[in-house]
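Taking it in order: structure first as C-alpha cells, then the write-up.
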Amino acid sequence: MKMIVNDLRPRGYCHGVARALSIVKKAINDETVVKPIYILGLIVHNKKIKEAFDYYHVISLEESGKTRVELAKQVIDGTVILTAHGVSPEVKTILNERNIPYIDATCKDVYHVHDHIKEHLKTHEIIYIGKKNHPEVEGALGISNEIALVSNLDEAKNYQKRSNKPIYITNQTTLSVFDVAFMVEAISAKFQDVTFDQDICAATLNRQKAVIEQSEADLLIVVGDNLSSNSNKLKYVSEVQTNTKAKLIETIDDIKIEWLKDIKIVNVTSGASTPTAVTNEVISFLKQFDYNKKETWDHVSKLTHLDILS
C-alpha cells in the first residue's frame with residue numbers, strides 16, 4: 001500500500017543561497033574573472049552543490065579544523081569567492097594584501113548581524129549565540145576579540161559578566177528559535193540591562209514554522225546536508241516540538257527501506273541550501289514506494305551536475 005506523502009512548504013533555497021550560487025555560476029562563465037576560482041570553504045553546506053562545482057573546476061577550500069583565515073593564506077593566484085556564511089575582516093585584509101581578487105557572496109542576513117555587532121561594540125558587552133566552529137560564527141567573532149560566544153543553555157546559565165557595560169545579544173542566523181529563546185531567557189534572568197536582537201533569518205524561521213505546524217505524520221524526512229545547521233534544526237524541531245520522528249538525509253541514496261515499513265503518512269521538507277531537484281527526487285520516490293512491492297524500492301539517485309545547478 002502506498003504512503004501519503006506531504007510536501008511541506010516553504011522548502012529549498014533561501015535568497016542567500018540562491019544569490020551565492022548565482023554568483024559562482026556567473027564567475028565560471030565570466031572570462032574577466034581570473035581563474036582558477038577558489039571558494040573559501042563550501043559555498044553553502046551541501047555536498048551535491050560542491051560536487052557540481054567540482055565538475056567546473058571550482059576549488060572548494062575546506063580542510064577540517066582550518067579557519068577561513070588559514071585557508072585564505074593558502075591562495076596564491078586566481079579569484080576567491082567568499083561563502084554565504086560571511087568572513088571576518090581579517091580574511092579580506094589578507095586577500096587584499098596578497099592582491100587576490102575576491103567576490104563577496106555573504107548573505108545579507110549575515111551582514112545584518114555583523115552590523116548589529118558593530119553598532120553595539122563600543123557601548124555594550126556583546127554575547128553571540130552560535131554553534132562552535134561554524135563558519136558563520138567564525139566570521140562574526142572575528143569582528144572583535146571582545147565578543148563572547150554562548151553555544152548552549154548551560155553556558156548561558158553560567159555566563160559571567162566581564163564589564164560594567166549593558167549586555168547586547170545577537171545570534172547565528174540558522175539556529176532553532178526555541179534554543180535561542182531559552183538561552184536569552186537564562187542570561188536575562190541573571191542580569192539587568194539586557195538587549196536582544198533576534199537575528200534568525202526569515203527562511204529558517206518559516207521552515208521551522210512549517211515543521212511545527214505540519215499535519216500529523218508517522219515520519220518527517222528532512223532533505224539536507226549533515227553540515228547544514230538549518231537542516232539539522234528542522235529535524236530537531238520536529239522531534240522536540242511536535243514529537244514527530246524525523247530523519248535527515250542528504251539524497252535519495254540515504255533512505256533506508258526499513259524506515260518506511262508500516263509508515264502510512266510521511267512529510268517531507270528540506271534545508272535552505274538543498275537543491276530542489278534533490279528534494280523532488282526524494283518525493284517522487286516516496287510517492288511510488290510500496291513496501292510490499294520490491295520493484296518500487298530502487299532509490300539510487302540519477303541526478304547529474306546539470307540537475308543540481310539548474
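Labels for the C-alpha cells follow display order: chains A, B, ..., residues from 1 in each chain, ligands from 1.
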Could you build a table of the residues in region 96-145 of chain A lying no more than 12 Å from region 225-229 of chain A, giving for each the nearest pair of atoms and their separation in Å rounded to one decimal place, using only C-alpha atoms, ordered by chain and ascending residue number, as a tab-separated table?
residue	atom	partner	partner_atom	distance
A:Gly130	CA	A:Ser229	CA	10.2
A:Lys131	CA	A:Ser229	CA	8.6
A:Lys132	CA	A:Ser229	CA	11.4
A:Asn133	CA	A:Leu227	CA	11.3
A:His134	CA	A:Ser229	CA	8.6
A:Pro135	CA	A:Ser229	CA	10.6
A:Glu136	CA	A:Ser229	CA	10.2
A:Val137	CA	A:Ser229	CA	11.4
For those residues, write N, CA and C atoms to a file as a compact mmCIF listing (two decimals), in the first residue's frame.
# COMPACT_ATOMS: atom_id res chain seq x y z
N GLY A 130 25.74 31.00 19.11
CA GLY A 130 26.03 30.28 17.88
C GLY A 130 26.71 28.96 18.15
N LYS A 131 26.88 28.21 17.10
CA LYS A 131 27.48 26.88 17.17
C LYS A 131 28.99 26.98 17.03
N LYS A 132 29.71 26.41 17.97
CA LYS A 132 31.17 26.44 17.93
C LYS A 132 31.69 25.89 16.60
N ASN A 133 32.68 26.57 16.03
CA ASN A 133 33.39 26.15 14.81
C ASN A 133 32.56 26.25 13.53
N HIS A 134 31.37 26.82 13.61
CA HIS A 134 30.60 27.04 12.40
C HIS A 134 31.17 28.24 11.66
N PRO A 135 31.25 28.21 10.32
CA PRO A 135 31.86 29.33 9.60
C PRO A 135 31.16 30.66 9.80
N GLU A 136 29.84 30.65 9.94
CA GLU A 136 29.14 31.91 10.19
C GLU A 136 29.55 32.50 11.52
N VAL A 137 29.72 31.64 12.51
CA VAL A 137 30.13 32.07 13.84
C VAL A 137 31.56 32.60 13.81
Write out as a PyMOL selection string all residues of region 164-236 of chain A that backbone DSSP assigns to helix (DSSP H, G or I).
chain A and resi 177-190+202-212+229-236
Go ahead and save the residues from that selection, with C-alpha atoms, as a short mmCIF file (atom, residue, chain, number, x, y, z; two decimals), in the first residue's frame.
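The result, written out as part.cif:
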data_model
loop_
_atom_site.label_atom_id
_atom_site.label_comp_id
_atom_site.auth_asym_id
_atom_site.auth_seq_id
_atom_site.Cartn_x
_atom_site.Cartn_y
_atom_site.Cartn_z
CA VAL A 177 14.29 29.88 17.58
CA PHE A 178 13.48 27.89 20.72
CA ASP A 179 17.11 27.23 21.68
CA VAL A 180 17.97 30.89 21.25
CA ALA A 181 14.96 31.98 23.32
CA PHE A 182 15.91 29.67 26.20
CA MET A 183 19.48 30.97 26.25
CA VAL A 184 18.39 34.60 26.14
CA GLU A 185 15.93 33.96 28.98
CA ALA A 186 18.70 32.38 31.07
CA ILE A 187 21.01 35.35 30.58
CA SER A 188 18.24 37.90 31.13
CA ALA A 189 17.29 36.20 34.40
CA LYS A 190 20.81 36.83 35.75
CA ALA A 202 13.22 34.56 7.81
CA ALA A 203 13.95 31.47 5.71
CA THR A 204 14.99 29.50 8.80
CA LEU A 205 12.01 30.77 10.81
CA ASN A 206 9.49 29.98 8.07
CA ARG A 207 10.82 26.46 7.54
CA GLN A 208 10.76 25.76 11.27
CA LYS A 209 7.22 27.16 11.47
CA ALA A 210 6.12 24.82 8.68
CA VAL A 211 7.58 21.86 10.56
CA ILE A 212 5.91 22.90 13.82
CA SER A 229 22.79 23.94 10.62
CA ASN A 230 19.29 24.88 9.46
CA SER A 231 18.62 21.35 8.14
CA ASN A 232 19.69 19.78 11.43
CA LYS A 233 17.44 22.20 13.29
CA LEU A 234 14.41 21.16 11.20
CA LYS A 235 14.94 17.58 12.36
CA TYR A 236 15.41 18.77 15.94
#
Residues near region 271-280 of chain A, cut-off 8 Å, only C-alpha atoms, skip fewer than 4 positions along chain, as a ChimeraX atom specification: /A:11-14,17,44-46,49,203-204,207,222-225,228,230-231,234,251-252,284,303,307-309
Q. When DSSP works through the backbone of this structure, what residues of region 254-308 of chain A end up as strand (DSSP E or B), shown as a PyMOL selection string?
A. chain A and resi 265-270+290
Writing out the chosen residues with C-alpha atoms as a short mmCIF file (atom, residue, chain, number, x, y, z; two decimals), in the first residue's frame:
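part-v9.cif, freshly written:
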data_model
loop_
_atom_site.label_atom_id
_atom_site.label_comp_id
_atom_site.auth_asym_id
_atom_site.auth_seq_id
_atom_site.Cartn_x
_atom_site.Cartn_y
_atom_site.Cartn_z
CA ILE A 265 1.97 9.19 6.23
CA VAL A 266 5.33 10.83 5.57
CA ASN A 267 6.03 14.55 5.47
CA VAL A 268 8.99 15.96 3.53
CA THR A 269 10.88 19.22 3.92
CA SER A 270 14.35 20.45 3.06
CA ASP A 290 5.12 0.38 -1.74
#
For this session: Excluding region 158-175 of chain A and residues on its chain fewer than 2 positions from it, collect all residues at most 6 Å away from it, counting only C-alpha atoms, and give them as a list in words.
Result: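 After dropping sequence-adjacent residues, the list is His124, Glu125, Ile126, Ile127, Tyr128, Ile129, Gly130, Glu155, Ala156, Asp193, Val194, Thr195, Phe196, Asp197, Asp199, Ile200, Cys201, Thr204 and Asn230 of chain A.
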re CA of Gly41 (chain A) and CA of Glu138 (chain A): distance 12.0 Å
Which one is closest to Asp253 (chain A): A:Ser301, A:Gln288, A:Asn96, A:Gln74? Count only C-alpha atoms.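 Result for the nearest residue to Asp253 (chain A): A:Ser301.
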Nearby residues (only C-alpha atoms) at most 10 Å from His57 (chain A), same-chain spacing under 2 positions excluded, as a CSV table (one decimal) with C-alpha atoms, in the first residue's frame:
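File written: part28.csv
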chain,number,residue,atom,x,y,z
A,28,ILE,CA,32.5,30.4,-14.0
A,35,LYS,CA,40.9,31.6,-12.9
A,36,PRO,CA,41.1,29.3,-11.1
A,37,ILE,CA,38.2,30.1,-8.8
A,38,TYR,CA,38.5,29.2,-5.2
A,51,GLU,CA,30.4,18.2,-6.4
A,52,ALA,CA,28.6,20.1,-9.2
A,53,PHE,CA,31.1,22.9,-8.9
A,54,ASP,CA,34.0,20.4,-8.8
A,55,TYR,CA,32.8,19.5,-12.3
A,59,ILE,CA,38.1,24.6,-6.0
A,60,SER,CA,36.4,24.5,-2.6
**Message:** Using Å and a single decimal, report how far CA of Trp259 (chain A) sits from CA of Thr244 (chain A).
**Reply:**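 We find that CA of Thr244 (chain A) and CA of Trp259 (chain A) lie 13.6 Å from each other.
Rounded to one decimal, CA of Lys48 (chain A) and CA of Ile103 (chain A) lie 21.8 Å from each other.
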Counting only C-alpha atoms, the residue of A:Arg98, A:Lys256, A:Lys92, A:Lys247 that sits nearest Asp77 (chain A):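 Counting only C-alpha atoms, the residue closest to Asp77 (chain A) is A:Arg98.
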* **Spatial neighbours of Lys108 (chain A), max dist 12 Å, only C-alpha atoms, sep filter under 2 positions, as number ranges by chain** => A: 14-20, 83-86, 104-106, 110-115, 173, 199, 201-202
Take the selection from the previous step and output its residues with N, CA and C atoms, as a PDB file, in the first residue's frame.
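Written out: out36.pdb:
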ATOM      1  N   CYS A  14      16.960  29.440   0.091  1.00  0.00           N
ATOM      2  CA  CYS A  14      16.625  30.769   0.575  1.00  0.00           C
ATOM      3  C   CYS A  14      17.290  31.786  -0.353  1.00  0.00           C
ATOM      4  N   HIS A  15      16.994  33.061  -0.163  1.00  0.00           N
ATOM      5  CA  HIS A  15      17.534  34.083  -1.066  1.00  0.00           C
ATOM      6  C   HIS A  15      19.051  34.155  -0.988  1.00  0.00           C
ATOM      7  N   GLY A  16      19.626  33.916   0.208  1.00  0.00           N
ATOM      8  CA  GLY A  16      21.071  33.992   0.355  1.00  0.00           C
ATOM      9  C   GLY A  16      21.793  32.898  -0.403  1.00  0.00           C
ATOM     10  N   VAL A  17      21.242  31.696  -0.349  1.00  0.00           N
ATOM     11  CA  VAL A  17      21.829  30.571  -1.076  1.00  0.00           C
ATOM     12  C   VAL A  17      21.675  30.761  -2.579  1.00  0.00           C
ATOM     13  N   ALA A  18      20.477  31.167  -3.001  1.00  0.00           N
ATOM     14  CA  ALA A  18      20.239  31.382  -4.430  1.00  0.00           C
ATOM     15  C   ALA A  18      21.211  32.429  -4.979  1.00  0.00           C
ATOM     16  N   ARG A  19      21.434  33.489  -4.217  1.00  0.00           N
ATOM     17  CA  ARG A  19      22.357  34.539  -4.659  1.00  0.00           C
ATOM     18  C   ARG A  19      23.790  34.003  -4.736  1.00  0.00           C
ATOM     19  N   ALA A  20      24.214  33.247  -3.715  1.00  0.00           N
ATOM     20  CA  ALA A  20      25.580  32.722  -3.698  1.00  0.00           C
ATOM     21  C   ALA A  20      25.835  31.801  -4.885  1.00  0.00           C
ATOM     22  N   THR A  83      31.997  32.734   0.979  1.00  0.00           N
ATOM     23  CA  THR A  83      30.748  31.991   1.040  1.00  0.00           C
ATOM     24  C   THR A  83      29.617  32.790   1.683  1.00  0.00           C
ATOM     25  N   ALA A  84      28.408  32.235   1.575  1.00  0.00           N
ATOM     26  CA  ALA A  84      27.218  32.886   2.125  1.00  0.00           C
ATOM     27  C   ALA A  84      27.309  33.078   3.637  1.00  0.00           C
ATOM     28  N   HIS A  85      28.194  32.302   4.303  1.00  0.00           N
ATOM     29  CA  HIS A  85      28.299  32.364   5.762  1.00  0.00           C
ATOM     30  C   HIS A  85      29.006  33.614   6.266  1.00  0.00           C
ATOM     31  N   GLY A  86      29.714  34.315   5.370  1.00  0.00           N
ATOM     32  CA  GLY A  86      30.444  35.504   5.780  1.00  0.00           C
ATOM     33  C   GLY A  86      31.826  35.178   6.309  1.00  0.00           C
ATOM     34  N   ASP A 104      32.312  38.703  -3.050  1.00  0.00           N
ATOM     35  CA  ASP A 104      31.649  38.505  -1.762  1.00  0.00           C
ATOM     36  C   ASP A 104      30.235  37.968  -1.961  1.00  0.00           C
ATOM     37  N   ALA A 105      30.009  36.711  -1.551  1.00  0.00           N
ATOM     38  CA  ALA A 105      28.680  36.090  -1.652  1.00  0.00           C
ATOM     39  C   ALA A 105      28.007  35.989  -0.288  1.00  0.00           C
ATOM     40  N   THR A 106      28.475  36.787   0.671  1.00  0.00           N
ATOM     41  CA  THR A 106      27.894  36.758   2.014  1.00  0.00           C
ATOM     42  C   THR A 106      26.408  37.093   1.974  1.00  0.00           C
ATOM     43  N   VAL A 110      23.373  37.695   7.193  1.00  0.00           N
ATOM     44  CA  VAL A 110      24.601  37.569   7.982  1.00  0.00           C
ATOM     45  C   VAL A 110      25.225  38.952   8.170  1.00  0.00           C
ATOM     46  N   TYR A 111      25.259  39.748   7.106  1.00  0.00           N
ATOM     47  CA  TYR A 111      25.785  41.106   7.227  1.00  0.00           C
ATOM     48  C   TYR A 111      24.941  41.944   8.181  1.00  0.00           C
ATOM     49  N   HIS A 112      23.653  41.652   8.227  1.00  0.00           N
ATOM     50  CA  HIS A 112      22.764  42.362   9.160  1.00  0.00           C
ATOM     51  C   HIS A 112      23.219  42.115  10.597  1.00  0.00           C
ATOM     52  N   VAL A 113      23.595  40.878  10.909  1.00  0.00           N
ATOM     53  CA  VAL A 113      24.109  40.545  12.239  1.00  0.00           C
ATOM     54  C   VAL A 113      25.432  41.268  12.489  1.00  0.00           C
ATOM     55  N   HIS A 114      26.329  41.253  11.497  1.00  0.00           N
ATOM     56  CA  HIS A 114      27.613  41.950  11.644  1.00  0.00           C
ATOM     57  C   HIS A 114      27.385  43.432  11.954  1.00  0.00           C
ATOM     58  N   ASP A 115      26.419  44.032  11.268  1.00  0.00           N
ATOM     59  CA  ASP A 115      26.118  45.442  11.503  1.00  0.00           C
ATOM     60  C   ASP A 115      25.622  45.667  12.927  1.00  0.00           C
ATOM     61  N   THR A 173      22.333  32.991  12.303  1.00  0.00           N
ATOM     62  CA  THR A 173      21.037  33.129  11.617  1.00  0.00           C
ATOM     63  C   THR A 173      20.284  31.824  11.425  1.00  0.00           C
ATOM     64  N   ASP A 199      18.025  37.497  15.487  1.00  0.00           N
ATOM     65  CA  ASP A 199      18.507  37.608  14.111  1.00  0.00           C
ATOM     66  C   ASP A 199      18.471  36.289  13.349  1.00  0.00           C
ATOM     67  N   CYS A 201      17.241  34.162  10.489  1.00  0.00           N
ATOM     68  CA  CYS A 201      16.751  34.653   9.204  1.00  0.00           C
ATOM     69  C   CYS A 201      15.325  34.156   8.944  1.00  0.00           C
ATOM     70  N   ALA A 202      14.621  34.893   8.091  1.00  0.00           N
ATOM     71  CA  ALA A 202      13.224  34.561   7.806  1.00  0.00           C
ATOM     72  C   ALA A 202      13.076  33.177   7.198  1.00  0.00           C
TER      73      ALA A 202
END
